[in-house]
Structure formats: structure tokens, C-alpha cells
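Enquirer: Here you go, upload11.pdb (PDB, C-alpha atoms and all ligand atoms):
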```pdb
ATOM      1  CA  MET A 541     104.801  82.009  72.605  1.00  0.00           C
ATOM      2  CA  ALA A 542     105.554  81.585  76.293  1.00  0.00           C
ATOM      3  CA  HIS A 543     109.010  82.072  77.766  1.00  0.00           C
ATOM      4  CA  ILE A 544     109.827  79.315  80.260  1.00  0.00           C
ATOM      5  CA  HIS A 545     112.202  79.784  83.196  1.00  0.00           C
ATOM      6  CA  LEU A 546     112.970  76.489  84.959  1.00  0.00           C
ATOM      7  CA  SER A 547     114.621  76.557  88.398  1.00  0.00           C
ATOM      8  CA  PRO A 548     115.432  73.764  90.853  1.00  0.00           C
ATOM      9  CA  ASP A 549     113.224  74.885  93.757  1.00  0.00           C
ATOM     10  CA  PRO A 550     110.975  77.713  94.998  1.00  0.00           C
ATOM     11  CA  GLN A 551     113.853  79.777  96.391  1.00  0.00           C
ATOM     12  CA  ALA A 552     115.634  79.586  93.033  1.00  0.00           C
ATOM     13  CA  VAL A 553     112.381  80.565  91.261  1.00  0.00           C
ATOM     14  CA  ALA A 554     112.127  83.635  93.512  1.00  0.00           C
ATOM     15  CA  ALA A 555     115.754  84.549  92.756  1.00  0.00           C
ATOM     16  CA  ALA A 556     115.375  84.033  88.978  1.00  0.00           C
ATOM     17  CA  ALA A 557     112.201  86.130  88.860  1.00  0.00           C
ATOM     18  CA  THR A 558     113.907  88.892  90.854  1.00  0.00           C
ATOM     19  CA  GLU A 559     116.831  88.907  88.425  1.00  0.00           C
ATOM     20  CA  TRP A 560     114.422  89.125  85.498  1.00  0.00           C
ATOM     21  CA  LEU A 561     112.579  92.050  87.079  1.00  0.00           C
ATOM     22  CA  ASP A 562     115.923  93.730  87.693  1.00  0.00           C
ATOM     23  CA  SER A 563     116.630  93.580  83.949  1.00  0.00           C
ATOM     24  CA  LEU A 564     113.169  95.002  83.114  1.00  0.00           C
ATOM     25  CA  LEU A 565     113.666  97.890  85.513  1.00  0.00           C
ATOM     26  CA  SER A 566     117.113  98.631  84.103  1.00  0.00           C
ATOM     27  CA  ALA A 567     115.647  98.795  80.608  1.00  0.00           C
ATOM     28  CA  SER A 568     112.754 101.081  81.623  1.00  0.00           C
ATOM     29  CA  THR A 569     112.408 104.778  82.349  1.00  0.00           C
ATOM     30  CA  GLY A 570     109.561 106.681  83.995  1.00  0.00           C
ATOM     31  CA  PRO A 571     106.714 105.231  86.068  1.00  0.00           C
ATOM     32  CA  PHE A 572     106.626 101.429  86.221  1.00  0.00           C
ATOM     33  CA  HIS A 573     103.189  99.994  87.058  1.00  0.00           C
ATOM     34  CA  MET A 574     103.326  96.509  88.484  1.00  0.00           C
ATOM     35  CA  ALA A 575     100.489  94.381  89.884  1.00  0.00           C
ATOM     36  CA  LEU A 576     101.215  91.752  92.555  1.00  0.00           C
ATOM     37  CA  SER A 577      99.582  88.478  93.531  1.00  0.00           C
ATOM     38  CA  GLY A 578      99.458  86.781  96.888  1.00  0.00           C
ATOM     39  CA  GLY A 579     100.743  83.278  97.520  1.00  0.00           C
ATOM     40  CA  SER A 580     103.741  81.382  98.771  1.00  0.00           C
ATOM     41  CA  THR A 581     106.261  82.044  95.980  1.00  0.00           C
ATOM     42  CA  PRO A 582     105.616  85.816  95.827  1.00  0.00           C
ATOM     43  CA  LYS A 583     106.275  85.869  99.572  1.00  0.00           C
ATOM     44  CA  LEU A 584     109.724  84.359  98.983  1.00  0.00           C
ATOM     45  CA  MET A 585     110.310  86.725  96.073  1.00  0.00           C
ATOM     46  CA  PHE A 586     109.396  89.862  98.038  1.00  0.00           C
ATOM     47  CA  ALA A 587     112.098  88.977 100.575  1.00  0.00           C
ATOM     48  CA  HIS A 588     114.586  89.130  97.663  1.00  0.00           C
ATOM     49  CA  TRP A 589     113.149  92.428  96.445  1.00  0.00           C
ATOM     50  CA  ALA A 590     113.566  93.988  99.884  1.00  0.00           C
ATOM     51  CA  GLN A 591     117.348  93.687  99.390  1.00  0.00           C
ATOM     52  CA  GLN A 592     117.439  95.506  96.033  1.00  0.00           C
ATOM     53  CA  ALA A 593     118.595  99.057  95.383  1.00  0.00           C
ATOM     54  CA  TRP A 594     115.873  99.590  92.791  1.00  0.00           C
ATOM     55  CA  PRO A 595     114.480 102.942  91.633  1.00  0.00           C
ATOM     56  CA  TRP A 596     111.614 102.600  94.110  1.00  0.00           C
ATOM     57  CA  GLU A 597     110.623 106.228  93.518  1.00  0.00           C
ATOM     58  CA  ARG A 598     109.223 105.347  90.080  1.00  0.00           C
ATOM     59  CA  LEU A 599     107.515 102.087  90.970  1.00  0.00           C
ATOM     60  CA  HIS A 600     103.742 101.933  91.390  1.00  0.00           C
ATOM     61  CA  LEU A 601     102.410  98.837  93.106  1.00  0.00           C
ATOM     62  CA  TRP A 602      98.950  97.484  92.427  1.00  0.00           C
ATOM     63  CA  TRP A 603      97.244  94.232  93.352  1.00  0.00           C
ATOM     64  CA  VAL A 604      95.941  91.495  91.067  1.00  0.00           C
ATOM     65  CA  ASP A 605      93.549  90.324  93.750  1.00  0.00           C
ATOM     66  CA  GLU A 606      92.676  90.722  97.396  1.00  0.00           C
ATOM     67  CA  ARG A 607      90.743  88.800  99.965  1.00  0.00           C
ATOM     68  CA  CYS A 608      87.838  90.801 101.444  1.00  0.00           C
ATOM     69  CA  VAL A 609      89.402  91.189 104.871  1.00  0.00           C
ATOM     70  CA  PRO A 610      91.058  94.142 106.648  1.00  0.00           C
ATOM     71  CA  PRO A 611      94.737  94.828 105.852  1.00  0.00           C
ATOM     72  CA  ASP A 612      96.006  93.447 109.173  1.00  0.00           C
ATOM     73  CA  HIS A 613      94.172  90.105 108.685  1.00  0.00           C
ATOM     74  CA  ALA A 614      96.389  87.053 108.102  1.00  0.00           C
ATOM     75  CA  ASP A 615      94.662  86.472 104.714  1.00  0.00           C
ATOM     76  CA  SER A 616      95.376  89.965 103.370  1.00  0.00           C
ATOM     77  CA  ASN A 617      97.632  89.981 100.305  1.00  0.00           C
ATOM     78  CA  TYR A 618      98.463  93.621 101.010  1.00  0.00           C
ATOM     79  CA  GLY A 619      99.306  92.766 104.635  1.00  0.00           C
ATOM     80  CA  MET A 620     101.723  90.035 103.529  1.00  0.00           C
ATOM     81  CA  THR A 621     103.403  92.397 101.070  1.00  0.00           C
ATOM     82  CA  ARG A 622     103.681  95.142 103.668  1.00  0.00           C
ATOM     83  CA  GLU A 623     105.478  92.805 106.065  1.00  0.00           C
ATOM     84  CA  GLN A 624     107.788  91.259 103.494  1.00  0.00           C
ATOM     85  CA  LEU A 625     108.559  94.304 101.401  1.00  0.00           C
ATOM     86  CA  LEU A 626     106.881  97.653 101.967  1.00  0.00           C
ATOM     87  CA  ASP A 627     108.133  98.144 105.511  1.00  0.00           C
ATOM     88  CA  GLN A 628     111.674  97.787 104.196  1.00  0.00           C
ATOM     89  CA  VAL A 629     111.932  99.811 100.996  1.00  0.00           C
ATOM     90  CA  PRO A 630     111.636 103.556 100.269  1.00  0.00           C
ATOM     91  CA  LEU A 631     108.559 103.289  98.086  1.00  0.00           C
ATOM     92  CA  PRO A 632     106.393 106.427  98.334  1.00  0.00           C
ATOM     93  CA  ALA A 633     103.109 105.594 100.113  1.00  0.00           C
ATOM     94  CA  ALA A 634     101.103 107.406  97.402  1.00  0.00           C
ATOM     95  CA  GLN A 635     102.390 104.826  94.892  1.00  0.00           C
ATOM     96  CA  VAL A 636     101.065 101.835  96.819  1.00  0.00           C
ATOM     97  CA  HIS A 637      97.574 101.261  95.431  1.00  0.00           C
ATOM     98  CA  ARG A 638      96.028  98.577  97.570  1.00  0.00           C
ATOM     99  CA  MET A 639      92.625  96.997  97.123  1.00  0.00           C
ATOM    100  CA  ARG A 640      90.610  97.898 100.218  1.00  0.00           C
ATOM    101  CA  GLY A 641      89.548  94.441 101.392  1.00  0.00           C
ATOM    102  CA  GLU A 642      87.675  95.932 104.342  1.00  0.00           C
ATOM    103  CA  ASP A 643      85.236  97.906 102.148  1.00  0.00           C
ATOM    104  CA  ALA A 644      81.987  96.754 100.508  1.00  0.00           C
ATOM    105  CA  PRO A 645      83.298  94.458  97.725  1.00  0.00           C
ATOM    106  CA  ALA A 646      81.213  95.704  94.783  1.00  0.00           C
ATOM    107  CA  THR A 647      81.877  99.357  95.615  1.00  0.00           C
ATOM    108  CA  GLU A 648      85.585  98.679  96.038  1.00  0.00           C
ATOM    109  CA  ALA A 649      85.802  96.777  92.751  1.00  0.00           C
ATOM    110  CA  ARG A 650      84.325  99.811  90.952  1.00  0.00           C
ATOM    111  CA  ARG A 651      86.579 102.268  92.794  1.00  0.00           C
ATOM    112  CA  TYR A 652      89.685 100.216  92.028  1.00  0.00           C
ATOM    113  CA  GLY A 653      88.796  99.823  88.373  1.00  0.00           C
ATOM    114  CA  ASP A 654      88.347 103.607  88.098  1.00  0.00           C
ATOM    115  CA  LEU A 655      91.677 104.199  89.861  1.00  0.00           C
ATOM    116  CA  ILE A 656      93.474 101.963  87.382  1.00  0.00           C
ATOM    117  CA  TYR A 657      92.022 103.909  84.470  1.00  0.00           C
ATOM    118  CA  GLN A 658      93.062 107.216  86.097  1.00  0.00           C
ATOM    119  CA  HIS A 659      96.707 106.215  86.533  1.00  0.00           C
ATOM    120  CA  LEU A 660      97.659 103.827  83.741  1.00  0.00           C
ATOM    121  CA  PRO A 661      98.368 104.483  80.084  1.00  0.00           C
ATOM    122  CA  GLN A 662      95.766 102.940  77.785  1.00  0.00           C
ATOM    123  CA  GLU A 663      95.822 101.070  74.512  1.00  0.00           C
ATOM    124  CA  ASP A 664      92.652 100.175  72.613  1.00  0.00           C
ATOM    125  CA  GLY A 665      90.623 101.315  75.601  1.00  0.00           C
ATOM    126  CA  LEU A 666      92.378  99.037  78.097  1.00  0.00           C
ATOM    127  CA  PRO A 667      94.766 100.040  80.891  1.00  0.00           C
ATOM    128  CA  VAL A 668      98.274  98.688  80.310  1.00  0.00           C
ATOM    129  CA  PHE A 669     100.374  97.469  83.237  1.00  0.00           C
ATOM    130  CA  ASP A 670     104.127  97.221  82.693  1.00  0.00           C
ATOM    131  CA  LEU A 671     104.126  93.923  84.549  1.00  0.00           C
ATOM    132  CA  ILE A 672     101.565  91.644  86.167  1.00  0.00           C
ATOM    133  CA  TRP A 673     102.605  88.804  88.477  1.00  0.00           C
ATOM    134  CA  LEU A 674     100.258  85.822  88.629  1.00  0.00           C
ATOM    135  CA  GLY A 675     100.148  82.496  90.429  1.00  0.00           C
ATOM    136  CA  MET A 676      98.166  79.396  89.570  1.00  0.00           C
ATOM    137  CA  GLY A 677      96.238  77.250  92.041  1.00  0.00           C
ATOM    138  CA  ASP A 678      96.108  73.442  91.929  1.00  0.00           C
ATOM    139  CA  ASP A 679      92.599  73.873  90.452  1.00  0.00           C
ATOM    140  CA  GLY A 680      93.893  76.019  87.575  1.00  0.00           C
ATOM    141  CA  HIS A 681      92.673  79.342  88.990  1.00  0.00           C
ATOM    142  CA  THR A 682      94.660  82.496  88.541  1.00  0.00           C
ATOM    143  CA  ALA A 683      94.217  85.873  90.215  1.00  0.00           C
ATOM    144  CA  SER A 684      90.888  85.209  92.003  1.00  0.00           C
ATOM    145  CA  ILE A 685      89.306  83.851  88.845  1.00  0.00           C
ATOM    146  CA  PHE A 686      88.269  80.302  89.712  1.00  0.00           C
ATOM    147  CA  PRO A 687      86.978  77.663  87.276  1.00  0.00           C
ATOM    148  CA  HIS A 688      83.345  78.107  88.467  1.00  0.00           C
ATOM    149  CA  GLN A 689      83.528  81.815  87.536  1.00  0.00           C
ATOM    150  CA  LEU A 690      85.427  81.500  84.283  1.00  0.00           C
ATOM    151  CA  ALA A 691      83.217  84.270  82.834  1.00  0.00           C
ATOM    152  CA  LEU A 692      85.395  86.790  84.728  1.00  0.00           C
ATOM    153  CA  ILE A 693      88.003  86.157  82.047  1.00  0.00           C
ATOM    154  CA  GLY A 694      85.768  87.971  79.585  1.00  0.00           C
ATOM    155  CA  VAL A 695      83.898  90.720  81.460  1.00  0.00           C
ATOM    156  CA  ALA A 696      84.332  94.342  80.421  1.00  0.00           C
ATOM    157  CA  GLU A 697      84.902  95.727  83.934  1.00  0.00           C
ATOM    158  CA  PRO A 698      88.614  95.825  84.869  1.00  0.00           C
ATOM    159  CA  CYS A 699      87.916  94.685  88.385  1.00  0.00           C
ATOM    160  CA  ALA A 700      85.213  92.405  89.831  1.00  0.00           C
ATOM    161  CA  VAL A 701      84.021  90.561  92.929  1.00  0.00           C
ATOM    162  CA  ALA A 702      84.758  86.824  93.032  1.00  0.00           C
ATOM    163  CA  THR A 703      83.981  84.036  95.477  1.00  0.00           C
ATOM    164  CA  HIS A 704      86.354  81.291  96.619  1.00  0.00           C
ATOM    165  CA  PRO A 705      84.734  77.955  95.641  1.00  0.00           C
ATOM    166  CA  THR A 706      85.139  76.148  98.963  1.00  0.00           C
ATOM    167  CA  SER A 707      85.474  78.758 101.708  1.00  0.00           C
ATOM    168  CA  GLY A 708      82.956  81.169 100.129  1.00  0.00           C
ATOM    169  CA  GLN A 709      85.365  84.010 100.954  1.00  0.00           C
ATOM    170  CA  GLN A 710      84.770  87.044  98.786  1.00  0.00           C
ATOM    171  CA  ARG A 711      87.669  88.371  96.756  1.00  0.00           C
ATOM    172  CA  ILE A 712      88.318  91.342  94.531  1.00  0.00           C
ATOM    173  CA  THR A 713      90.138  90.515  91.329  1.00  0.00           C
ATOM    174  CA  LEU A 714      91.391  92.033  88.119  1.00  0.00           C
ATOM    175  CA  THR A 715      89.623  90.466  85.138  1.00  0.00           C
ATOM    176  CA  GLY A 716      90.844  88.833  81.935  1.00  0.00           C
ATOM    177  CA  PRO A 717      90.973  91.799  79.526  1.00  0.00           C
ATOM    178  CA  VAL A 718      93.204  93.865  81.856  1.00  0.00           C
ATOM    179  CA  LEU A 719      95.451  90.899  82.644  1.00  0.00           C
ATOM    180  CA  ASN A 720      95.910  90.222  78.941  1.00  0.00           C
ATOM    181  CA  ALA A 721      96.590  93.877  78.100  1.00  0.00           C
ATOM    182  CA  ALA A 722      99.814  94.005  80.150  1.00  0.00           C
ATOM    183  CA  ARG A 723     103.238  94.432  78.534  1.00  0.00           C
ATOM    184  CA  GLN A 724     104.575  91.522  80.571  1.00  0.00           C
ATOM    185  CA  VAL A 725     102.727  88.796  82.441  1.00  0.00           C
ATOM    186  CA  ALA A 726     104.728  86.469  84.667  1.00  0.00           C
ATOM    187  CA  PHE A 727     103.442  83.340  86.402  1.00  0.00           C
ATOM    188  CA  LEU A 728     105.238  81.948  89.443  1.00  0.00           C
ATOM    189  CA  VAL A 729     104.352  78.292  89.916  1.00  0.00           C
ATOM    190  CA  THR A 730     106.001  75.915  92.350  1.00  0.00           C
ATOM    191  CA  GLY A 731     105.307  72.519  93.882  1.00  0.00           C
ATOM    192  CA  ARG A 732     104.175  69.066  92.782  1.00  0.00           C
ATOM    193  CA  GLY A 733     100.487  69.952  93.204  1.00  0.00           C
ATOM    194  CA  LYS A 734     100.667  72.278  90.177  1.00  0.00           C
ATOM    195  CA  ARG A 735     102.091  69.736  87.748  1.00  0.00           C
ATOM    196  CA  PRO A 736      98.834  68.088  86.604  1.00  0.00           C
ATOM    197  CA  ARG A 737      97.209  71.437  85.642  1.00  0.00           C
ATOM    198  CA  LEU A 738     100.355  72.721  83.954  1.00  0.00           C
ATOM    199  CA  THR A 739     100.629  69.479  81.995  1.00  0.00           C
ATOM    200  CA  GLU A 740      97.033  69.780  80.776  1.00  0.00           C
ATOM    201  CA  ILE A 741      97.401  73.451  79.891  1.00  0.00           C
ATOM    202  CA  PHE A 742     100.704  73.090  78.038  1.00  0.00           C
ATOM    203  CA  HIS A 743      99.627  69.975  76.122  1.00  0.00           C
ATOM    204  CA  GLN A 744      96.152  71.426  75.583  1.00  0.00           C
ATOM    205  CA  THR A 745      94.521  68.156  76.588  1.00  0.00           C
ATOM    206  CA  PRO A 746      90.705  68.076  76.181  1.00  0.00           C
ATOM    207  CA  GLY A 747      89.040  70.189  78.845  1.00  0.00           C
ATOM    208  CA  TYR A 748      92.071  72.403  79.477  1.00  0.00           C
ATOM    209  CA  SER A 749      90.111  75.530  78.619  1.00  0.00           C
ATOM    210  CA  GLN A 750      88.057  75.188  81.816  1.00  0.00           C
ATOM    211  CA  TYR A 751      91.148  76.448  83.670  1.00  0.00           C
ATOM    212  CA  PRO A 752      91.306  80.240  84.024  1.00  0.00           C
ATOM    213  CA  ALA A 753      95.117  80.178  83.828  1.00  0.00           C
ATOM    214  CA  ALA A 754      94.858  78.772  80.278  1.00  0.00           C
ATOM    215  CA  HIS A 755      93.168  82.017  79.181  1.00  0.00           C
ATOM    216  CA  ILE A 756      96.093  84.243  80.055  1.00  0.00           C
ATOM    217  CA  GLN A 757      97.482  85.064  76.623  1.00  0.00           C
ATOM    218  CA  PRO A 758      98.737  88.659  76.446  1.00  0.00           C
ATOM    219  CA  ILE A 759      97.427  90.405  73.325  1.00  0.00           C
ATOM    220  CA  THR A 760     100.703  92.113  72.432  1.00  0.00           C
ATOM    221  CA  GLY A 761     102.750  91.583  75.604  1.00  0.00           C
ATOM    222  CA  GLU A 762     105.074  88.776  76.677  1.00  0.00           C
ATOM    223  CA  LEU A 763     104.085  85.743  78.752  1.00  0.00           C
ATOM    224  CA  HIS A 764     106.677  84.301  81.139  1.00  0.00           C
ATOM    225  CA  TRP A 765     106.345  81.165  83.262  1.00  0.00           C
ATOM    226  CA  PHE A 766     108.736  80.713  86.174  1.00  0.00           C
ATOM    227  CA  TRP A 767     108.416  77.221  87.634  1.00  0.00           C
ATOM    228  CA  ASP A 768     110.411  74.734  89.648  1.00  0.00           C
ATOM    229  CA  GLU A 769     111.298  71.134  88.841  1.00  0.00           C
ATOM    230  CA  ALA A 770     108.410  69.811  90.964  1.00  0.00           C
ATOM    231  CA  ALA A 771     105.845  71.768  88.919  1.00  0.00           C
ATOM    232  CA  GLN A 772     107.471  71.235  85.493  1.00  0.00           C
ATOM    233  CA  PRO A 773     104.829  69.724  83.160  1.00  0.00           C
ATOM    234  CA  GLU A 774     105.322  66.113  82.060  1.00  0.00           C
ATOM    235  CA  ASP A 775     107.102  65.604  78.724  1.00  0.00           C
ATOM    236  CA  MET A 776     108.573  69.089  78.613  1.00  0.00           C
TER     237      MET A 776
HETATM  238  C1  LIG B 801      95.747  84.684  96.004  1.00  0.00           C
HETATM  239  C2  LIG B 801      96.456  84.644  94.712  1.00  0.00           C
HETATM  240  C3  LIG B 801      96.201  83.376  93.944  1.00  0.00           C
HETATM  241  C4  LIG B 801      97.527  82.630  93.982  1.00  0.00           C
HETATM  242  C5  LIG B 801      97.360  81.174  93.664  1.00  0.00           C
HETATM  243  C6  LIG B 801      98.662  80.414  93.804  1.00  0.00           C
HETATM  244  O1  LIG B 801      95.519  85.753  96.505  1.00  0.00           O
HETATM  245  O2  LIG B 801      95.471  83.589  96.534  1.00  0.00           O
HETATM  246  O3  LIG B 801      96.612  85.762  94.033  1.00  0.00           O
HETATM  247  O4  LIG B 801      95.753  83.485  92.643  1.00  0.00           O
HETATM  248  O5  LIG B 801      98.417  83.229  93.099  1.00  0.00           O
HETATM  249  O6  LIG B 801      96.411  80.638  94.549  1.00  0.00           O
HETATM  250  O7  LIG B 801      99.119  80.512  95.118  1.00  0.00           O
HETATM  251  P1  LIG B 801     100.474  79.819  95.562  1.00  0.00           P
HETATM  252  O8  LIG B 801     101.567  80.463  94.808  1.00  0.00           O
HETATM  253  O9  LIG B 801     100.557  80.050  97.047  1.00  0.00           O
HETATM  254  O10 LIG B 801     100.306  78.374  95.238  1.00  0.00           O
END
```
For this file, produce the structure as C-alpha cells.
Ligand code: 6PG
Expert:
Amino acid sequence: MAHIHLSPDPQAVAAAATEWLDSLLSASTGPFHMALSGGSTPKLMFAHWAQQAWPWERLHLWWVDERCVPPDHADSNYGMTREQLLDQVPLPAAQVHRMRGEDAPATEARRYGDLIYQHLPQEDGLPVFDLIWLGMGDDGHTASIFPHQLALIGVAEPCAVATHPTSGQQRITLTGPVLNAARQVAFLVTGRGKRPRLTEIFHQTPGYSQYPAAHIQPITGELHWFWDEAAQPEDM
């Protein structure tokens, strides 16, 4: 069952998600492994995080996906996070595990998958993140798993190379089994453009399973959806 968090607008979504993370951190001890997504709402949320007196020394940051560009490129998810958050909080550099968008994609996907297995606890052979943040595109994609590459939801490798359907840009992305092995998965979804896909997914209208976001169903973990009024599915 999904937990829904409705807020009036994107800023309020960012604040509500920050408050929720604050409660998770308060309830946890030891290393906390969290994977981040890119996108507009995370950007707002990171600005909130930068103000928090959190136990940064036990946080490990990972990425859900990355565009295959260098870290100082405007498209880099790591670059956005560095500007909004990392430059402002005392998080040890050795605990920031970025995907190296400047490296050969297939090699980097293998390296990153291995790194995840080295650092994270495992259950049933899968690495378990404490928390994974996801977004959803207007086309129903999540992470960098787009509808034309839905198979990435099921592949055994924890990390894979993906291609953006229109720009052809290569991406590196975590895959379905790792996403669904997390203790907590939280979607941040804002804006009117998201409403049609959310409506189809939540009402399970015929064809909804073509959307990668519909396949995020944590095996034993919790699923949280933070959305604003503009994105709220019809009839909910
Ligand atoms: C990325 C993301 C991607 C994102 C969605 C939603 O790197 O592009 O990880 O999956 O979460 O496209 O993005 P918005 O929140 O900006 O709509």
C-alpha cells in the first residue's frame, strides 16, 4: 500500500518531504544510504536540506541516475546536487558516491554496481538502500528507465546504461530490482503534466503497466508518494 502525501505546491512538497526525511533520520542509527534523483522538485528540496543540522557524518549519498556528461555540465545530476547541497553541508567527501557521467557508460555502470554491492547491506542477494528518491516524467519514466526500455525494470545488473528516447542522450541508471529492494522509496511528483500518468497508474487503467513508474513496488519496504495539487490523480 502506498502512503500519499498531498501538498499545495512544489515548495510545500519539498518541505513535507524534508520533514519526513528528518523523522527517518531521527529514528535511525549508523550509516544511512540514500540515493538521489535529478529533477526540479529535488532541486527545491535540496535547498531545504542545506539548512538542516542533520547527522551528515553518517549519511552516504548515491545517485539513482546520471546523464553521461561531465560533473560541471548543466545536465549533471551530481553537479546540481553539489551546487544546491554538497557545497553547503559537512558531508564527508568519501561518502558522496557519484556516478561518473564522464566515463565510458558501460564500464561506469559495472563499476557503480560493484561499488553498491561493496558498501550496502544485502538481503536475498540484493543491496538495500535505506531510502531512494524517485521522480516521474510526463511519459511515466522513473530513474532513467523510459517506456521504450521497460526491460531495465527486470534486469539482474544493479546498474545499466539507458538512452533518452528523444535526445538520444545516454544515461546511467539503477535498475528495477535494486529500486524495489530499498527500505523506503519516495516519489516526488509535481505539476499538471504528471496528472494523466498518475491517474492511469493509480486507477490501473488498461495499458498502465507500460509505464516504468508503475513497476516500483518495494518488496518489503514502504512506498511514499509526495505530490502537489496540480499532479493529484483524478478521483482521488
Ligand atoms: C533525471 C531524473 C528523472 C526525473 C524525472 C522527473 O535525471 O532526469 O532522475 O527520472 O526524476 O524526469 O523530473 P522532474 O521532477 O523534473 O519532473
Enquirer: Return as a PDB file with C-alpha atoms, keeping the file's coordinate frame every polymer residue, whether protein, DNA or RNA, with at least one atom no more than 8 Å from an atom of ligand LIG 801 (chain B); count all atoms listed in the file.
Expert:
```pdb
ATOM      1  CA  LEU A 576     101.215  91.752  92.555  1.00  0.00           C
ATOM      2  CA  SER A 577      99.582  88.478  93.531  1.00  0.00           C
ATOM      3  CA  GLY A 578      99.458  86.781  96.888  1.00  0.00           C
ATOM      4  CA  GLY A 579     100.743  83.278  97.520  1.00  0.00           C
ATOM      5  CA  SER A 580     103.741  81.382  98.771  1.00  0.00           C
ATOM      6  CA  THR A 581     106.261  82.044  95.980  1.00  0.00           C
ATOM      7  CA  PRO A 582     105.616  85.816  95.827  1.00  0.00           C
ATOM      8  CA  VAL A 604      95.941  91.495  91.067  1.00  0.00           C
ATOM      9  CA  ASP A 605      93.549  90.324  93.750  1.00  0.00           C
ATOM     10  CA  GLU A 606      92.676  90.722  97.396  1.00  0.00           C
ATOM     11  CA  ARG A 607      90.743  88.800  99.965  1.00  0.00           C
ATOM     12  CA  ASN A 617      97.632  89.981 100.305  1.00  0.00           C
ATOM     13  CA  LEU A 674     100.258  85.822  88.629  1.00  0.00           C
ATOM     14  CA  GLY A 675     100.148  82.496  90.429  1.00  0.00           C
ATOM     15  CA  MET A 676      98.166  79.396  89.570  1.00  0.00           C
ATOM     16  CA  GLY A 677      96.238  77.250  92.041  1.00  0.00           C
ATOM     17  CA  ASP A 678      96.108  73.442  91.929  1.00  0.00           C
ATOM     18  CA  HIS A 681      92.673  79.342  88.990  1.00  0.00           C
ATOM     19  CA  THR A 682      94.660  82.496  88.541  1.00  0.00           C
ATOM     20  CA  ALA A 683      94.217  85.873  90.215  1.00  0.00           C
ATOM     21  CA  SER A 684      90.888  85.209  92.003  1.00  0.00           C
ATOM     22  CA  ILE A 685      89.306  83.851  88.845  1.00  0.00           C
ATOM     23  CA  LEU A 728     105.238  81.948  89.443  1.00  0.00           C
ATOM     24  CA  VAL A 729     104.352  78.292  89.916  1.00  0.00           C
ATOM     25  CA  THR A 730     106.001  75.915  92.350  1.00  0.00           C
ATOM     26  CA  GLY A 731     105.307  72.519  93.882  1.00  0.00           C
ATOM     27  CA  LYS A 734     100.667  72.278  90.177  1.00  0.00           C
TER      28      LYS A 734
END
```
Enquirer: Which residues match the PyMOL selection byres (((chain A and resi 698) around 10) and not hetatm) in the file above, as a PyMOL selection string?
Expert: chain A and resi 649-650+652-654+656-657+666-667+692+694-697+699-700+713-719
Enquirer: Counting only C-alpha atoms, figure out which residue out of A:Pro645, A:Pro746, A:Pro548, A:Gly619 gets nearest to A:Lys583.
Expert: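 Going through A:Pro645, A:Pro746, A:Pro548, A:Gly619 one by one, the smallest distance to A:Lys583 is for A:Gly619.
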Enquirer: Between A:Gln772, A:Gln592, A:Ser568, A:Thr647, which one has atoms that come closest to A:Arg735, using all atoms listed in the file?
Expert: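 Among the listed residues, the smallest separation from A:Arg735 belongs to A:Gln772.
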Enquirer: May I ask which of the residues A:Pro661, A:Pro705, A:Pro752, A:Pro736 is the closest one to A:Arg723, counting all atoms listed in the file?
Expert: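 Ranking A:Pro661, A:Pro705, A:Pro752, A:Pro736 by distance to A:Arg723, first place goes to A:Pro661.
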Enquirer: Between atom CA of A:His755 and atom CA of A:Phe686, what distance in Å does the model show, to one decimal?
Expert: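 The value is 11.7 Å.
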Enquirer: Kindly extract all protein, DNA and RNA residues lying within 8 Å of the coordinates (97.4, 92.6, 78.2) given in the file, considering all atoms listed in the file, and supply them as a PyMOL selection string.
Expert: chain A and resi 668-669+717-725+757-761
Enquirer: Hey, can you check how far atom CA of A:His637 sits from atom CA of A:Arg622?
Expert: 11.9 Å
Enquirer: Using Å and a single decimal, report how far atom CA of A:Asp670 sits from atom CA of A:His573.
Expert: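 Interatomic distance, atom CA of A:His573 to atom CA of A:Asp670: 5.3 Å.
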Enquirer: Could you write out as AutoDock Vina command-line options the box around stretch 627-636 of chain A (axis-aligned, all atoms listed in the file, 8 Å on each side), with centre and edge lengths in Å to one decimal?
Expert:
```
--center_x 106.5 --center_y 102.6 --center_z 100.2 --size_x 26.9 --size_y 25.6 --size_z 26.6
```
Enquirer: So, with all atoms listed in the file as the atoms that count, which of A:Leu565, A:Val609, A:Met620, A:Ala753 lies closest to A:Asp679?
Expert: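 Once distances to A:Asp679 are computed over all atoms listed in the file, the minimum belongs to A:Ala753.
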Enquirer: Which residue out of A:Met639, A:Leu763, A:Ala542, A:Ala726 has the minimum interatomic distance to A:Ala557 when only C-alpha atoms are used?
Expert: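 Checking each of A:Met639, A:Leu763, A:Ala542, A:Ala726 against A:Ala557, counting only C-alpha atoms, the winner is A:Ala726.
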Enquirer: Have stretch 596-606 of chain A completed to N, CA and C atoms, please, and pass it along as a PDB file, in the coordinates of the input.
Expert:
```pdb
ATOM      1  N   TRP A 596     112.939 102.736  93.487  1.00  0.00           N
ATOM      2  CA  TRP A 596     111.614 102.600  94.110  1.00  0.00           C
ATOM      3  C   TRP A 596     110.740 103.819  93.854  1.00  0.00           C
ATOM      4  N   GLU A 597     111.398 104.991  93.658  1.00  0.00           N
ATOM      5  CA  GLU A 597     110.623 106.228  93.518  1.00  0.00           C
ATOM      6  C   GLU A 597     109.784 106.241  92.234  1.00  0.00           C
ATOM      7  N   ARG A 598     110.073 105.348  91.285  1.00  0.00           N
ATOM      8  CA  ARG A 598     109.223 105.347  90.080  1.00  0.00           C
ATOM      9  C   ARG A 598     108.373 104.071  89.944  1.00  0.00           C
ATOM     10  N   LEU A 599     108.384 103.274  90.995  1.00  0.00           N
ATOM     11  CA  LEU A 599     107.515 102.087  90.970  1.00  0.00           C
ATOM     12  C   LEU A 599     106.131 102.401  91.532  1.00  0.00           C
ATOM     13  N   HIS A 600     105.107 101.882  90.863  1.00  0.00           N
ATOM     14  CA  HIS A 600     103.742 101.933  91.390  1.00  0.00           C
ATOM     15  C   HIS A 600     103.292 100.501  91.602  1.00  0.00           C
ATOM     16  N   LEU A 601     102.878 100.193  92.826  1.00  0.00           N
ATOM     17  CA  LEU A 601     102.410  98.837  93.106  1.00  0.00           C
ATOM     18  C   LEU A 601     100.890  98.780  93.146  1.00  0.00           C
ATOM     19  N   TRP A 602     100.385  97.763  92.486  1.00  0.00           N
ATOM     20  CA  TRP A 602      98.950  97.484  92.427  1.00  0.00           C
ATOM     21  C   TRP A 602      98.746  96.035  92.829  1.00  0.00           C
ATOM     22  N   TRP A 603      97.495  95.631  93.021  1.00  0.00           N
ATOM     23  CA  TRP A 603      97.244  94.232  93.352  1.00  0.00           C
ATOM     24  C   TRP A 603      96.382  93.569  92.290  1.00  0.00           C
ATOM     25  N   VAL A 604      96.724  92.315  91.999  1.00  0.00           N
ATOM     26  CA  VAL A 604      95.941  91.495  91.067  1.00  0.00           C
ATOM     27  C   VAL A 604      94.637  91.064  91.735  1.00  0.00           C
ATOM     28  N   ASP A 605      94.744  90.725  93.019  1.00  0.00           N
ATOM     29  CA  ASP A 605      93.549  90.324  93.750  1.00  0.00           C
ATOM     30  C   ASP A 605      93.751  90.535  95.243  1.00  0.00           C
ATOM     31  N   GLU A 606      92.629  90.546  95.944  1.00  0.00           N
ATOM     32  CA  GLU A 606      92.676  90.722  97.396  1.00  0.00           C
ATOM     33  C   GLU A 606      91.521  89.966  98.024  1.00  0.00           C
TER      34      GLU A 606
END
```
